[in-house]
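Coordinates from coords_34.cif are shown below (mmCIF, C-alpha atoms).
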```cif
data_structure
#
loop_
_atom_site.group_PDB
_atom_site.id
_atom_site.type_symbol
_atom_site.label_atom_id
_atom_site.label_comp_id
_atom_site.auth_asym_id
_atom_site.auth_seq_id
_atom_site.Cartn_x
_atom_site.Cartn_y
_atom_site.Cartn_z
ATOM 1 C CA MET A 1 116.496 55.099 115.307
ATOM 2 C CA GLU A 2 115.830 56.231 118.868
ATOM 3 C CA LEU A 3 113.795 59.223 117.647
ATOM 4 C CA ALA A 4 111.557 57.007 115.502
ATOM 5 C CA ALA A 5 110.911 54.718 118.486
ATOM 6 C CA ARG A 6 109.551 57.550 120.654
ATOM 7 C CA PRO A 7 105.767 57.816 121.041
ATOM 8 C CA VAL A 8 104.011 60.311 118.783
ATOM 9 C CA ARG A 9 103.244 63.631 120.471
ATOM 10 C CA GLY A 10 99.862 65.237 119.935
ATOM 11 C CA GLN A 11 101.360 68.733 119.948
ATOM 12 C CA THR A 12 104.696 70.355 119.259
ATOM 13 C CA ALA A 13 104.376 73.627 121.171
ATOM 14 C CA PRO A 14 106.370 73.880 124.398
ATOM 15 C CA TRP A 15 103.144 74.750 126.251
ATOM 16 C CA PRO A 16 99.642 73.295 125.993
ATOM 17 C CA LEU A 17 97.658 74.134 122.868
ATOM 18 C CA HIS A 18 94.862 75.697 124.919
ATOM 19 C CA THR A 19 97.444 78.169 126.269
ATOM 20 C CA VAL A 20 98.712 78.925 122.753
ATOM 21 C CA HIS A 21 95.113 79.522 121.671
ATOM 22 C CA HIS A 22 94.369 81.708 124.698
ATOM 23 C CA VAL A 23 97.471 83.861 124.227
ATOM 24 C CA THR A 24 96.813 84.277 120.497
ATOM 25 C CA THR A 25 93.125 85.051 120.953
ATOM 26 C CA ARG A 26 93.688 87.590 123.721
ATOM 27 C CA LEU A 27 96.515 89.376 121.917
ATOM 28 C CA ALA A 28 94.403 89.443 118.740
ATOM 29 C CA ALA A 29 91.669 91.138 120.769
ATOM 30 C CA GLY A 30 94.164 93.826 121.788
ATOM 31 C CA ALA A 31 94.851 92.737 125.370
ATOM 32 C CA THR A 32 98.059 94.045 126.896
ATOM 33 C CA VAL A 33 101.059 91.761 127.255
ATOM 34 C CA GLY A 34 100.933 92.185 131.038
ATOM 35 C CA ALA A 35 97.266 91.211 131.196
ATOM 36 C CA VAL A 36 97.816 88.094 129.074
ATOM 37 C CA ALA A 37 100.838 87.114 131.180
ATOM 38 C CA ASP A 38 98.734 87.456 134.347
ATOM 39 C CA GLU A 39 95.933 85.371 132.812
ATOM 40 C CA VAL A 40 98.253 82.445 132.071
ATOM 41 C CA GLY A 41 100.110 82.799 135.372
ATOM 42 C CA TRP A 42 103.457 83.959 133.988
ATOM 43 C CA SER A 43 105.558 87.076 134.267
ATOM 44 C CA SER A 44 105.723 89.335 131.210
ATOM 45 C CA ARG A 45 109.319 88.194 130.699
ATOM 46 C CA THR A 46 108.323 84.510 130.739
ATOM 47 C CA LEU A 47 105.524 85.219 128.267
ATOM 48 C CA HIS A 48 108.060 86.953 126.040
ATOM 49 C CA ARG A 49 110.491 84.011 126.160
ATOM 50 C CA GLN A 50 107.714 81.509 125.539
ATOM 51 C CA SER A 51 106.273 83.591 122.682
ATOM 52 C CA VAL A 52 109.645 83.748 120.958
ATOM 53 C CA ALA A 53 109.858 79.944 121.229
ATOM 54 C CA VAL A 54 106.352 79.386 119.827
ATOM 55 C CA TYR A 55 105.759 82.254 117.391
ATOM 56 C CA GLY A 56 109.276 83.403 116.555
ATOM 57 C CA TYR A 57 108.811 86.875 118.035
ATOM 58 C CA GLY A 58 107.586 88.483 121.222
ATOM 59 C CA PRO A 59 103.981 89.042 122.238
ATOM 60 C CA ALA A 60 103.955 92.765 121.421
ATOM 61 C CA THR A 61 105.038 92.037 117.845
ATOM 62 C CA LEU A 62 102.495 89.226 117.631
ATOM 63 C CA ARG A 63 99.773 91.641 118.781
ATOM 64 C CA ARG A 64 100.791 94.130 116.053
ATOM 65 C CA ILE A 65 100.735 91.407 113.377
ATOM 66 C CA LEU A 66 97.335 90.138 114.465
ATOM 67 C CA ARG A 67 95.969 93.707 114.496
ATOM 68 C CA PHE A 68 97.350 94.227 110.986
ATOM 69 C CA ARG A 69 95.740 91.003 109.745
ATOM 70 C CA ARG A 70 92.403 92.166 111.188
ATOM 71 C CA ALA A 71 92.821 95.534 109.442
ATOM 72 C CA VAL A 72 93.637 93.896 106.099
ATOM 73 C CA ALA A 73 90.514 91.740 106.313
ATOM 74 C CA LEU A 74 88.372 94.806 107.030
ATOM 75 C CA LEU A 75 89.978 96.810 104.227
ATOM 76 C CA ARG A 76 89.405 93.989 101.752
ATOM 77 C CA ASP A 77 85.767 93.855 102.865
ATOM 78 C CA GLY A 78 85.431 97.447 101.671
ATOM 79 C CA VAL A 79 85.493 99.209 105.039
ATOM 80 C CA ALA A 80 86.870 102.755 104.841
ATOM 81 C CA PRO A 81 90.425 103.173 106.217
ATOM 82 C CA VAL A 82 89.318 105.614 108.921
ATOM 83 C CA ALA A 83 86.765 103.070 110.196
ATOM 84 C CA VAL A 84 89.304 100.243 109.910
ATOM 85 C CA ALA A 85 91.806 102.177 112.006
ATOM 86 C CA ALA A 86 89.246 102.592 114.784
ATOM 87 C CA ALA A 87 87.859 99.045 114.583
ATOM 88 C CA ALA A 88 91.243 97.335 114.459
ATOM 89 C CA GLY A 89 92.644 99.289 117.390
ATOM 90 C CA TYR A 90 95.001 101.787 115.783
ATOM 91 C CA ALA A 91 95.508 105.165 117.451
ATOM 92 C CA ASP A 92 94.495 106.941 114.243
ATOM 93 C CA GLN A 93 94.447 106.530 110.469
ATOM 94 C CA PRO A 94 98.115 107.556 109.970
ATOM 95 C CA HIS A 95 99.073 104.811 112.430
ATOM 96 C CA LEU A 96 97.265 102.289 110.197
ATOM 97 C CA HIS A 97 99.068 103.658 107.141
ATOM 98 C CA ARG A 98 102.506 103.400 108.828
ATOM 99 C CA GLU A 99 101.878 99.806 109.918
ATOM 100 C CA CYS A 100 100.610 98.949 106.445
ATOM 101 C CA ARG A 101 103.849 100.231 104.899
ATOM 102 C CA GLU A 102 105.964 98.485 107.522
ATOM 103 C CA PHE A 103 104.327 95.061 107.242
ATOM 104 C CA SER A 104 103.432 94.937 103.552
ATOM 105 C CA GLY A 105 105.644 97.514 101.895
ATOM 106 C CA LEU A 106 102.510 98.944 100.278
ATOM 107 C CA SER A 107 100.207 101.843 100.921
ATOM 108 C CA VAL A 108 96.695 101.071 102.144
ATOM 109 C CA ALA A 109 95.361 101.609 98.623
ATOM 110 C CA GLY A 110 98.100 99.426 97.157
ATOM 111 C CA LEU A 111 97.289 96.684 99.612
ATOM 112 C CA VAL A 112 93.566 96.787 98.933
ATOM 113 C CA TYR A 113 93.544 97.399 95.202
ATOM 114 C CA GLY A 114 96.920 95.931 94.327
ATOM 115 C CA SER A 115 99.950 97.875 93.251
ATOM 116 C CA GLY A 116 99.879 96.376 89.781
ATOM 117 C CA ALA A 117 103.534 95.370 89.995
ATOM 118 C CA ASN A 118 102.834 91.705 90.572
ATOM 119 C CA ARG A 119 99.684 91.250 88.564
ATOM 120 C CA SER A 120 99.475 88.540 85.958
ATOM 121 C CA THR A 121 99.427 90.072 82.502
ATOM 122 C CA ASP A 122 100.347 89.399 78.892
ATOM 123 C CA VAL A 123 102.187 92.700 78.748
ATOM 124 C CA PRO A 124 105.921 92.310 79.531
ATOM 125 C CA SER A 125 107.409 93.700 82.751
ATOM 126 C CA GLY A 126 104.054 94.867 84.060
ATOM 127 C CA SER A 127 104.029 97.704 81.527
ATOM 128 C CA SER A 128 100.620 99.098 80.737
ATOM 129 C CA THR A 129 101.491 99.683 77.089
ATOM 130 C CA VAL A 130 103.082 97.668 74.324
ATOM 131 C CA ALA A 131 105.829 99.425 72.393
#
```

Could you quickly redo this structure as structure tokens?
Amino acid sequence: MELAARPVRGQTAPWPLHTVHHVTTRLAAGATVGAVADEVGWSSRTLHRQSVAVYGYGPATLRRILRFRRAVALLRDGVAPVAVAAAAGYADQPHLHRECREFSGLSVAGLVYGSGANRSTDVPSGSSTVA
């Protein structure tokens, strides 16, 4: 009953939403964890603790996930993998391929064109033939 009597909060993050937005935007742009920590006035360790509380993982992992999301969007727009690797901030094309496997379990081609394993079809078990 006490919880229901409390005033409604406009946000649920442990830090202001503009800070959450700033951290996310800067890490998505490829900024270093140290630089983002300095920008918000925290140590790298404090940023790590706060990131775990808000996102569920540290800022370096968040930066990798955001970079991967950017790469997936570019790949699905038809940009060549070598250009995606450069534009998204990967060291090289094999780096993009490793991250693709790690985050999606698929190759770059499988991610872009679909592996076929989960497609909707009338053929049982994803088989391409009917026996």

Subject >> Distance query Ala60 (chain A) at most 10 Å, only C-alpha atoms, self and fewer than 2 positions along chain excluded, as a list in words >> reply: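 The contact residues come out as Leu27, Gly30, Ala31, Thr32, Val33, His48, Ser51, Tyr57, Gly58, Leu62, Arg63, Arg64, Ile65 and Leu66 of chain A.
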
Subject >> CA of Arg76 (chain A) to CA of Gly114 (chain A), distance in Å rounded to a single decimal >> reply: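 According to the coordinates, CA of Arg76 (chain A) and CA of Gly114 (chain A) are separated by 10.7 Å.
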
Original post:
In Å, how far is it from CA of Thr46 (chain A) to CA of Ala29 (chain A)?
Top reply: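 Going from CA of Thr46 (chain A) over to CA of Ala29 (chain A), I get 20.5 Å.
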
**OP:** Kindly resolve the PyMOL selection byres ((chain A and resi 99-107) around 12) on the present coordinates and return the residues as a PyMOL selection string.
**Re:** chain A and resi 61+64-72+75+81+84-85+88-98+108-117

**OP:** Using the chain letters and residue numbers of this document, give as a PyMOL selection string the residues selected by the PyMOL selection byres ((chain A and resi 34) around 10).
**Re:** chain A and resi 31-33+35-39+42-45+47+59
